[in-house]
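One structure below.
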Amino acid sequence: MNKDIFTRAFEKGMRITENHLEDFKGGFPSPASVNNRYPKIENNDWTAGFYTGILWMCYEYSKKKVFYDAAMEQIKSYRYRIDHRIVVDHHDMGFIYGLSCVAAYKLTGDESAKETALLAADNLKSRFREKGQFIQAWGELDTTENYRLIIDCLLNLPILYWATDVTGDPSYRSCAEKHLKTTRKVIFRPDYSTYHTYYFNLETGQPAYGATKQGYSNESTWSRGQAWGVYGLMLNYLYVKDDTIPEEWRKVTDYFLAHLPEDKAAYWDFHFMDGKEPRDSSASAIAVCGILEAYHQGVCDKKYVEEAWDILEHLADLYAAPENDEVNGILLHSTYGRLLGDGIDECCLFGDYFYMEALMRVVKPEWRPYW
Ligand code: GLY
């Protein structure tokens with residue numbers, strides 16, 4: 001592994017972030033770019049935390065005040081958002097508040113950031129459904145059309161473990177553990193590909209059927225969903241030392257790795273293995289973080305890490321954004337929702353974040369992520 005390649009790639013991402021700070025002053029990048037340029041939006045989408053998380057990583061790496069100030073300025077908007085319930089009726093509290101406010105608390109000890117993150121954890125916990133034992137991802141609670149969990153939610157659980165750790169109240173962890181157990185029961189198919197979402201019977205709580213929202217079809221494998229499985233299992237294993245997780249993780253990860261094309265950037269759905277369909281480079285970046293976390297926890301051998309480095313090197317070589325005035329993202333060729341017609345072959349904020357997190361993990365092995 002040539003660390004210099006990764007150091008240069010991280011520093012390039014950091015320069016892009018610094019050079020475009022003004023683009024997002026008083027706001028946030030939208031979830032996906034338009035022609036590789038993010039419009040500015042308010043703190044009202046599930047992706048806001050990825051931007052603050054990038055700022056925190058850049059601050060940790062460089063110790064530059066400009067990143068610290070930008071991140072801290074944003075923390076206020078997270079409190080306003082949860083207090084005024086601005087687009088928070090969904091499960092993405094970990095993505096939003098973990099990478100912003102939990103990170104602020106861990107790095108600076110800021111008590112108000114801690115309080116804000118705890119409000120978000122309360123909100124997430126309130127979506128736990130006794131019937132079915134899961135956290136309902138989206139929409140009005142207890143309605144047939146919304147009565148489902150989604151694989152992405154595995155990454156929203158760490159904020160619940162953290163909330164128990166800082167408050168001593170076991171109810172957050174209990175809710176996360178139950179959701180994790182239910183997810184593992186329904187979301188993996190026999191070949192360890194994954195459903196994106198899984199519905200439950202509203203009356204009985206019994207598992208009903210798997211379905212997709214952002215994938216190609218209900219029975220295909222949305223590549224970012226599979227990547228959420230790779231990283232999500234490991235982030236949960238960090239907090240829940242269940243011995244059955246590592247073997248399951250290996251199978252889910254093997255499925256992901258076996259479905260990558262030659263240049264290592266996943267197609268947006270594994271129904272496609274070649275051809276002109278768009279890529280989702282973010283899926284590859286997320287999976288790299290999952291593998292590096294597994295290695296950190298002693299769960300996988302070196303061959304997985306070598307595969308992760310290889311993917312990351314391909315991303316740095318072929319998918320990293322150029323430094324110029326027009327492009328204000330970091331990782332090119334991600335796809336938000338192909339069939340929804342949203343963010344196709346663009347920079348996506350989660351792609352930028354996980355690419356930078358993966359690089360940070362390699363460049364500074366002692367660094368611990370904010371999850
Ligand atoms: N968690 C939503 C997505 O991956 O697009």
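Labeling convention for the structure tokens: chains A, B, ... as they appear, residues from 1 per chain, ligands from 1 in order of appearance.
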*Within 7 Å of ligand 1, counting only C-alpha atoms and all ligand atoms, residues as a ChimeraX atom specification*: /A:152,224-225,336-337
Closest-contact table, range 218-265 of chain A side, partner range 351-370 of chain A, 12 Å, counting only C-alpha atoms, as a Markdown table:
| residue | atom | partner | partner_atom | distance |
| --- | --- | --- | --- | --- |
| A:Arg224 | CA | A:Gly351 | CA | 10.2 |
| A:Ala227 | CA | A:Phe354 | CA | 11.0 |
| A:Trp228 | CA | A:Phe354 | CA | 11.2 |
| A:Tyr231 | CA | A:Phe354 | CA | 10.5 |
| A:Leu235 | CA | A:Pro369 | CA | 10.2 |
| A:Leu238 | CA | A:Pro369 | CA | 11.7 |
| A:Ala265 | CA | A:Gly351 | CA | 11.4 |
_Quick one: residues within 9 Å of Met93 in chain A, only C-alpha atoms, excluding same-chain residues fewer than 5 positions away - as a ChimeraX atom specification?_
/A:46,88,98,117,120-121,123-124,156-157,159
Convert the current residue selection to file output with all heavy atoms, as a PDB file, in the first residue's frame.
ATOM      1  N   TRP A  46     -31.532  14.616   4.799  1.00  0.00           N
ATOM      2  CA  TRP A  46     -30.907  13.581   5.636  1.00  0.00           C
ATOM      3  C   TRP A  46     -29.386  13.586   5.510  1.00  0.00           C
ATOM      4  O   TRP A  46     -28.694  12.903   6.269  1.00  0.00           O
ATOM      5  CB  TRP A  46     -31.452  12.194   5.277  1.00  0.00           C
ATOM      6  CG  TRP A  46     -30.955  11.641   3.965  1.00  0.00           C
ATOM      7  CD1 TRP A  46     -31.437  11.945   2.730  1.00  0.00           C
ATOM      8  CD2 TRP A  46     -29.877  10.710   3.758  1.00  0.00           C
ATOM      9  NE1 TRP A  46     -30.729  11.267   1.762  1.00  0.00           N
ATOM     10  CE2 TRP A  46     -29.764  10.487   2.360  1.00  0.00           C
ATOM     11  CE3 TRP A  46     -28.993  10.039   4.595  1.00  0.00           C
ATOM     12  CZ2 TRP A  46     -28.811   9.637   1.805  1.00  0.00           C
ATOM     13  CZ3 TRP A  46     -28.035   9.187   4.037  1.00  0.00           C
ATOM     14  CH2 TRP A  46     -27.957   8.994   2.653  1.00  0.00           C
ATOM     15  N   VAL A  88     -37.660  15.960  10.356  1.00  0.00           N
ATOM     16  CA  VAL A  88     -37.040  14.973  11.247  1.00  0.00           C
ATOM     17  C   VAL A  88     -37.966  13.783  11.521  1.00  0.00           C
ATOM     18  O   VAL A  88     -37.653  12.937  12.367  1.00  0.00           O
ATOM     19  CB  VAL A  88     -36.581  15.604  12.590  1.00  0.00           C
ATOM     20  CG1 VAL A  88     -35.415  16.547  12.373  1.00  0.00           C
ATOM     21  CG2 VAL A  88     -37.731  16.282  13.308  1.00  0.00           C
ATOM     22  N   GLY A  98     -25.147  12.252  14.304  1.00  0.00           N
ATOM     23  CA  GLY A  98     -23.936  11.568  14.759  1.00  0.00           C
ATOM     24  C   GLY A  98     -22.678  12.246  14.234  1.00  0.00           C
ATOM     25  O   GLY A  98     -21.729  12.515  14.977  1.00  0.00           O
ATOM     26  N   ALA A 117     -27.789  16.191  20.302  1.00  0.00           N
ATOM     27  CA  ALA A 117     -27.722  14.818  19.797  1.00  0.00           C
ATOM     28  C   ALA A 117     -28.646  13.902  20.597  1.00  0.00           C
ATOM     29  O   ALA A 117     -29.244  12.971  20.034  1.00  0.00           O
ATOM     30  CB  ALA A 117     -26.277  14.315  19.846  1.00  0.00           C
ATOM     31  N   ALA A 120     -32.067  14.171  19.294  1.00  0.00           N
ATOM     32  CA  ALA A 120     -32.185  13.386  18.052  1.00  0.00           C
ATOM     33  C   ALA A 120     -32.336  11.895  18.372  1.00  0.00           C
ATOM     34  O   ALA A 120     -33.112  11.179  17.728  1.00  0.00           O
ATOM     35  CB  ALA A 120     -30.969  13.623  17.162  1.00  0.00           C
ATOM     36  N   ALA A 121     -31.589  11.426  19.369  1.00  0.00           N
ATOM     37  CA  ALA A 121     -31.693  10.013  19.767  1.00  0.00           C
ATOM     38  C   ALA A 121     -33.097   9.718  20.307  1.00  0.00           C
ATOM     39  O   ALA A 121     -33.687   8.666  20.017  1.00  0.00           O
ATOM     40  CB  ALA A 121     -30.625   9.682  20.815  1.00  0.00           C
ATOM     41  N   ASN A 123     -35.777  11.201  19.405  1.00  0.00           N
ATOM     42  CA  ASN A 123     -36.651  11.196  18.228  1.00  0.00           C
ATOM     43  C   ASN A 123     -36.562   9.851  17.493  1.00  0.00           C
ATOM     44  O   ASN A 123     -37.570   9.280  17.088  1.00  0.00           O
ATOM     45  CB  ASN A 123     -36.230  12.339  17.297  1.00  0.00           C
ATOM     46  CG  ASN A 123     -37.188  12.533  16.155  1.00  0.00           C
ATOM     47  OD1 ASN A 123     -38.404  12.547  16.353  1.00  0.00           O
ATOM     48  ND2 ASN A 123     -36.666  12.644  14.955  1.00  0.00           N
ATOM     49  N   LEU A 124     -35.336   9.343  17.388  1.00  0.00           N
ATOM     50  CA  LEU A 124     -35.147   8.054  16.702  1.00  0.00           C
ATOM     51  C   LEU A 124     -35.823   6.932  17.493  1.00  0.00           C
ATOM     52  O   LEU A 124     -36.522   6.088  16.927  1.00  0.00           O
ATOM     53  CB  LEU A 124     -33.638   7.783  16.542  1.00  0.00           C
ATOM     54  CG  LEU A 124     -33.239   6.483  15.854  1.00  0.00           C
ATOM     55  CD1 LEU A 124     -33.855   6.371  14.460  1.00  0.00           C
ATOM     56  CD2 LEU A 124     -31.714   6.392  15.749  1.00  0.00           C
ATOM     57  N   ASN A 156     -27.779   4.213  11.600  1.00  0.00           N
ATOM     58  CA  ASN A 156     -28.401   5.162  12.527  1.00  0.00           C
ATOM     59  C   ASN A 156     -28.400   4.648  13.957  1.00  0.00           C
ATOM     60  O   ASN A 156     -28.742   5.385  14.883  1.00  0.00           O
ATOM     61  CB  ASN A 156     -29.841   5.463  12.083  1.00  0.00           C
ATOM     62  CG  ASN A 156     -29.861   6.371  10.865  1.00  0.00           C
ATOM     63  OD1 ASN A 156     -29.087   7.329  10.794  1.00  0.00           O
ATOM     64  ND2 ASN A 156     -30.719   6.086   9.899  1.00  0.00           N
ATOM     65  N   LEU A 157     -28.025   3.391  14.156  1.00  0.00           N
ATOM     66  CA  LEU A 157     -28.085   2.823  15.505  1.00  0.00           C
ATOM     67  C   LEU A 157     -26.972   3.302  16.446  1.00  0.00           C
ATOM     68  O   LEU A 157     -27.203   3.415  17.654  1.00  0.00           O
ATOM     69  CB  LEU A 157     -28.109   1.290  15.440  1.00  0.00           C
ATOM     70  CG  LEU A 157     -29.276   0.683  14.625  1.00  0.00           C
ATOM     71  CD1 LEU A 157     -29.226  -0.844  14.677  1.00  0.00           C
ATOM     72  CD2 LEU A 157     -30.630   1.183  15.118  1.00  0.00           C
ATOM     73  N   ILE A 159     -25.915   6.106  17.280  1.00  0.00           N
ATOM     74  CA  ILE A 159     -26.273   7.253  18.132  1.00  0.00           C
ATOM     75  C   ILE A 159     -27.085   6.774  19.350  1.00  0.00           C
ATOM     76  O   ILE A 159     -27.041   7.395  20.421  1.00  0.00           O
ATOM     77  CB  ILE A 159     -27.031   8.362  17.333  1.00  0.00           C
ATOM     78  CG1 ILE A 159     -27.004   9.678  18.104  1.00  0.00           C
ATOM     79  CG2 ILE A 159     -28.452   7.957  16.995  1.00  0.00           C
ATOM     80  CD1 ILE A 159     -27.507  10.883  17.317  1.00  0.00           C
TER      81      ILE A 159
END
Please identify every residue of range 325-370 of chain A that has at least one atom no farther than 7 Å from an atom of range 306-319 of chain A, counting only C-alpha atoms, and for each give the shortest atom pair and the distance in Å to one decimal, arranged by chain then increasing number, as a tab-separated table.
residue	atom	partner	partner_atom	distance
A:Leu331	CA	A:Tyr319	CA	5.9
A:Leu332	CA	A:Tyr319	CA	5.3
A:His333	CA	A:Tyr319	CA	6.8
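Between Val305 in chain A and the residues A:Met1, A:Val166, A:Met14, A:Ala258, the shortest atom-to-atom distance, using only C-alpha atoms, involves A:Met1.
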_Surrounding residues of Ile16 in chain A excluding itself and chain neighbours under 3 positions, 10 Å, only C-alpha atoms, as an MDAnalysis selection string_ = chainID A and resid 10:13 19:21 321:325 327:330
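The residue that comes closest to Tyr192 in chain A, out of A:Lys251, A:Arg37, A:Arg173, A:Arg338 and on the basis of only C-alpha atoms, is A:Lys251.
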*Output as a ChimeraX atom specification all residues of range 31-80 of chain A that backbone DSSP marks as strand (DSSP E or B).*
/A:32,34,37,40-41
*A:Trp56, A:Tyr237, A:Trp138, A:Tyr172: which is nearest Val87 in chain A, counting only C-alpha atoms?*
A:Trp138
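For the pair CA of Trp371 in chain A and CA of Tyr97 in chain A, the interatomic distance is 9.9 Å.
In this model, the gap between CA of Phe50 in chain A and CA of Phe67 in chain A comes to 14.0 Å.
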*asked:* I'd like the neighbourhood of Pro158 in chain A as a PyMOL selection string, where a residue qualifies if any of its atoms comes within 7 Å (using only C-alpha atoms), though same-chain residues fewer than 4 positions away should be ignored.
replied: chain A and resi 94+162+236+371
Selection export as a JSON list (two decimals), in the first residue's frame, atoms kept: N, CA and C atoms:
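See selection-v6.json below for the written result:
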[["chain", "number", "residue", "atom", "x", "y", "z"],
["A", 94, "GLY", "N", -29.07, 9.30, 13.05],
["A", 94, "GLY", "CA", -27.65, 8.97, 13.24],
["A", 94, "GLY", "C", -26.78, 9.63, 12.18],
["A", 162, "TRP", "N", -24.55, 5.29, 21.79],
["A", 162, "TRP", "CA", -23.86, 6.44, 22.40],
["A", 162, "TRP", "C", -24.75, 7.10, 23.46],
["A", 236, "ASN", "N", -22.27, -1.86, 14.25],
["A", 236, "ASN", "CA", -23.03, -2.43, 15.35],
["A", 236, "ASN", "C", -22.17, -3.39, 16.17],
["A", 371, "TRP", "N", -18.83, 7.69, 14.70],
["A", 371, "TRP", "CA", -20.04, 6.86, 14.87],
["A", 371, "TRP", "C", -20.19, 6.37, 16.29]]
*Would you list the contacts of Tyr216 in chain A as a list of chain:residue names, taking every protein, DNA or RNA residue within 12 Å and counting only C-alpha atoms, but skipping same-chain residues closer than 4 positions in sequence?*
A:Tyr195, A:His196, A:Ala211, A:Thr212, A:Ser220, A:Thr221, A:Trp222, A:Ser223, A:Arg224, A:Gly225, A:Tyr267, A:Trp268, A:Asp269, A:Phe270, A:His271, A:Phe272, A:Glu277, A:Gly337, A:Arg338, A:Leu339, A:Leu340
Suppose we keep C-alpha atoms; can you now write the selection as a compact mmCIF listing (two decimals), in the first residue's frame?
# COMPACT_ATOMS: atom_id res chain seq x y z
CA TYR A 195 -33.24 -6.44 0.46
CA HIS A 196 -33.29 -2.68 0.63
CA ALA A 211 -39.13 -4.44 -1.38
CA THR A 212 -36.89 -1.80 -2.84
CA SER A 220 -32.30 -7.24 -7.16
CA THR A 221 -29.51 -5.94 -4.91
CA TRP A 222 -29.13 -2.18 -4.67
CA SER A 223 -25.37 -1.79 -4.34
CA ARG A 224 -25.48 1.03 -1.80
CA GLY A 225 -27.87 -1.07 0.30
CA TYR A 267 -22.83 -0.15 -10.59
CA TRP A 268 -25.82 1.46 -8.89
CA ASP A 269 -27.52 -1.95 -8.68
CA PHE A 270 -25.82 -5.35 -8.91
CA HIS A 271 -28.36 -6.34 -11.53
CA PHE A 272 -25.84 -4.57 -13.77
CA GLU A 277 -25.62 2.02 -16.57
CA GLY A 337 -31.75 7.37 -7.03
CA ARG A 338 -31.44 6.05 -10.57
CA LEU A 339 -35.09 5.16 -11.16
CA LEU A 340 -36.27 8.14 -9.12
